[in-house]
Structure formats: structure tokens, C-alpha cells
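S.K.: This is the structure, below, for whatever I ask next.
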Amino acid sequence: MCIRDSPRPKQPRRTARPSRCARHSRRRRHRAWCAWQFYMINVIIDDVHRDINVVPRRYSDFENLHQQLAGEFPMVFDPKQNPNPPSLPGKKWFGNMDAAVVEERRVRLESFMQECLEYGDVLMSDEMGRFLQF
């Protein structure tokens, strides 16, 4: 599995009105760009036909996945039960769009996913399946 970083994909404009973003209130106008970073996950399915699919995910999606998996698999994600649990990179409030920060986060997110997929139960869980769904 390989994770690439990508800026927020552009949405086609359907009306002449300014587009809005879920993060901004309806009273404020949406800026021309949003400071969201997407990480593109290459999902490779080794089967008779080697399929490669790309799944865009934000850091918050990884956080949600971690919370769901930690609730279902405490023996993997609880530091008291597993001395080296898979962990996410820390959240950074300022400067989180710098190229070096994005690259470091991408590497650590890829490491997180690889560590999670080493556990068969986590690999076959519904949460992981939904996360990697394309």
C-alpha cells in the first residue's frame, strides 16, 4: 500500500453562485481554496487480475479509523496490551500545509496503515474495508 499526498480535488461548479464548504458557515463566503490536504491511498488487490484503485482520504478520516479500530481491537491499539501499537502522527495546528510537514505526515500515515494491516483481524474488519473502499 502506498499513500500519496494531493491537494483538495476541484469540484465542478453547478451554479453561478459561489460554492460553499462544510467547514464554513453559510453566512461567510467560501474562499477560492480550502486548506485541506488529501492523501491518496493506492489499494492494490493481488488477485487473478492485479487491480489498483486510488482512494482519497483526509487526516480526519485516518483519525476516525483509528478510533473505530481502537474500540474494536483494544488488544492491538491499547499501549497497555501492546507495547508498540500502530499510532497516527500528531496533529499540527500551525504550519500543517508546509511541504515538509505534509511529507512527514504522509510517511507516518503509510507506516500506520502498514502496521495495521499486519494484524489479520484488523485487515479483515468491516471498518478497514469501508476505509479502503473505492
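In the C-alpha cells, the first chain shown is A, the next is B, and so on; residue numbers restart at 1 for each chain, and ligands run from 1 in the order shown.
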What lies within 9 Å of range 116-121 of chain A using only C-alpha atoms, ignoring chain neighbours under 2 positions off, as an mmCIF file with all heavy atoms, in the first residue's frame?
M.R.:
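Below is the file that was written, part27.cif:
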data_model
loop_
_atom_site.group_PDB
_atom_site.id
_atom_site.type_symbol
_atom_site.label_atom_id
_atom_site.label_comp_id
_atom_site.auth_asym_id
_atom_site.auth_seq_id
_atom_site.Cartn_x
_atom_site.Cartn_y
_atom_site.Cartn_z
ATOM 1 N N PHE A 73 -10.581 -3.326 18.551
ATOM 2 C CA PHE A 73 -9.392 -4.148 18.781
ATOM 3 C C PHE A 73 -8.487 -3.523 19.841
ATOM 4 O O PHE A 73 -7.373 -3.078 19.539
ATOM 5 C CB PHE A 73 -8.598 -4.332 17.477
ATOM 6 C CG PHE A 73 -9.387 -4.929 16.355
ATOM 7 C CD1 PHE A 73 -9.861 -4.134 15.327
ATOM 8 C CD2 PHE A 73 -9.667 -6.285 16.338
ATOM 9 C CE1 PHE A 73 -10.595 -4.675 14.288
ATOM 10 C CE2 PHE A 73 -10.401 -6.839 15.313
ATOM 11 C CZ PHE A 73 -10.871 -6.038 14.278
ATOM 12 N N VAL A 76 -4.807 -4.603 20.147
ATOM 13 C CA VAL A 76 -3.834 -4.127 19.166
ATOM 14 C C VAL A 76 -3.452 -2.671 19.436
ATOM 15 O O VAL A 76 -2.279 -2.313 19.365
ATOM 16 C CB VAL A 76 -4.397 -4.260 17.725
ATOM 17 C CG1 VAL A 76 -3.462 -3.633 16.710
ATOM 18 C CG2 VAL A 76 -4.662 -5.717 17.391
ATOM 19 N N PRO A 85 1.898 -0.197 19.685
ATOM 20 C CA PRO A 85 0.680 -0.165 18.877
ATOM 21 C C PRO A 85 0.819 0.758 17.669
ATOM 22 O O PRO A 85 1.627 1.695 17.681
ATOM 23 C CB PRO A 85 -0.363 0.396 19.847
ATOM 24 C CG PRO A 85 0.421 1.267 20.753
ATOM 25 C CD PRO A 85 1.767 0.579 20.896
ATOM 26 N N PRO A 86 0.059 0.508 16.607
ATOM 27 C CA PRO A 86 0.055 1.441 15.471
ATOM 28 C C PRO A 86 -0.453 2.798 15.950
ATOM 29 O O PRO A 86 -1.447 2.881 16.672
ATOM 30 C CB PRO A 86 -0.932 0.822 14.483
ATOM 31 C CG PRO A 86 -1.062 -0.600 14.889
ATOM 32 C CD PRO A 86 -0.795 -0.647 16.360
ATOM 33 N N SER A 111 3.090 4.313 7.254
ATOM 34 C CA SER A 111 3.587 3.392 8.278
ATOM 35 C C SER A 111 2.441 2.894 9.159
ATOM 36 O O SER A 111 2.365 1.708 9.481
ATOM 37 C CB SER A 111 4.651 4.091 9.120
ATOM 38 O OG SER A 111 5.032 3.294 10.195
ATOM 39 N N PHE A 112 1.541 3.802 9.537
ATOM 40 C CA PHE A 112 0.372 3.419 10.336
ATOM 41 C C PHE A 112 -0.460 2.362 9.620
ATOM 42 O O PHE A 112 -0.853 1.356 10.214
ATOM 43 C CB PHE A 112 -0.480 4.664 10.634
ATOM 44 C CG PHE A 112 -1.842 4.355 11.179
ATOM 45 C CD1 PHE A 112 -1.997 3.932 12.491
ATOM 46 C CD2 PHE A 112 -2.966 4.485 10.388
ATOM 47 C CE1 PHE A 112 -3.259 3.638 12.995
ATOM 48 C CE2 PHE A 112 -4.224 4.195 10.878
ATOM 49 C CZ PHE A 112 -4.373 3.775 12.187
ATOM 50 N N MET A 113 -0.721 2.593 8.332
ATOM 51 C CA MET A 113 -1.532 1.636 7.572
ATOM 52 C C MET A 113 -0.822 0.287 7.453
ATOM 53 O O MET A 113 -1.443 -0.767 7.608
ATOM 54 C CB MET A 113 -1.856 2.197 6.182
ATOM 55 C CG MET A 113 -2.822 3.351 6.195
ATOM 56 S SD MET A 113 -4.423 2.949 6.912
ATOM 57 C CE MET A 113 -5.057 1.813 5.715
ATOM 58 N N GLN A 114 0.477 0.301 7.192
ATOM 59 C CA GLN A 114 1.220 -0.955 7.075
ATOM 60 C C GLN A 114 1.199 -1.722 8.396
ATOM 61 O O GLN A 114 1.042 -2.941 8.403
ATOM 62 C CB GLN A 114 2.661 -0.681 6.636
ATOM 63 C CG GLN A 114 2.787 -0.134 5.228
ATOM 64 C CD GLN A 114 2.364 -1.129 4.164
ATOM 65 O OE1 GLN A 114 2.263 -2.322 4.400
ATOM 66 N NE2 GLN A 114 2.105 -0.628 2.974
ATOM 67 N N LEU A 123 -7.074 -6.303 9.344
ATOM 68 C CA LEU A 123 -7.141 -6.326 7.887
ATOM 69 C C LEU A 123 -8.519 -6.747 7.389
ATOM 70 O O LEU A 123 -9.060 -6.161 6.460
ATOM 71 C CB LEU A 123 -6.080 -7.281 7.330
ATOM 72 C CG LEU A 123 -6.115 -7.564 5.831
ATOM 73 C CD1 LEU A 123 -5.856 -6.308 5.032
ATOM 74 C CD2 LEU A 123 -5.103 -8.633 5.480
ATOM 75 N N MET A 124 -9.120 -7.731 8.044
ATOM 76 C CA MET A 124 -10.408 -8.264 7.603
ATOM 77 C C MET A 124 -11.608 -7.567 8.243
ATOM 78 O O MET A 124 -12.739 -7.957 8.011
ATOM 79 C CB MET A 124 -10.468 -9.766 7.890
ATOM 80 C CG MET A 124 -9.373 -10.555 7.193
ATOM 81 S SD MET A 124 -9.300 -10.285 5.409
ATOM 82 C CE MET A 124 -10.799 -11.070 4.898
ATOM 83 N N SER A 125 -11.389 -6.522 9.033
ATOM 84 C CA SER A 125 -12.500 -5.858 9.724
ATOM 85 C C SER A 125 -13.343 -5.029 8.752
ATOM 86 O O SER A 125 -12.872 -4.592 7.697
ATOM 87 C CB SER A 125 -11.963 -4.947 10.834
ATOM 88 O OG SER A 125 -11.282 -3.849 10.282
ATOM 89 N N MET A 128 -11.961 -1.366 8.311
ATOM 90 C CA MET A 128 -10.859 -1.229 7.345
ATOM 91 C C MET A 128 -11.391 -1.381 5.917
ATOM 92 O O MET A 128 -10.962 -0.673 5.008
ATOM 93 C CB MET A 128 -9.774 -2.261 7.623
ATOM 94 C CG MET A 128 -8.524 -2.072 6.771
ATOM 95 S SD MET A 128 -7.686 -0.507 6.989
ATOM 96 C CE MET A 128 -6.824 -0.772 8.524
#
S.K.: Please indicate the distance in Å from CA of Asn96 in chain A to CA of Gln68 in chain A, rounded to one decimal place.
M.R.: 24.4 Å
S.K.: One number please: CA of Arg58 in chain A to CA of Pro83 in chain A, in Å, one decimal.
M.R.: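 About the pair CA of Arg58 in chain A and CA of Pro83 in chain A: they are 27.3 Å apart.
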S.K.: If I take CA of Phe62 in chain A and CA of Val43 in chain A, how far is one from the other in Å, to one decimal?
M.R.: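 According to the coordinates, CA of Phe62 in chain A and CA of Val43 in chain A are separated by 15.2 Å.
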S.K.: Considering only C-alpha atoms, can you say which of A:Gln37, A:Arg105, A:Ser87, A:Gly95 comes closest to Leu69 in chain A?
M.R.: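 The shortest atom-to-atom distance to Leu69 in chain A comes from A:Ser87.
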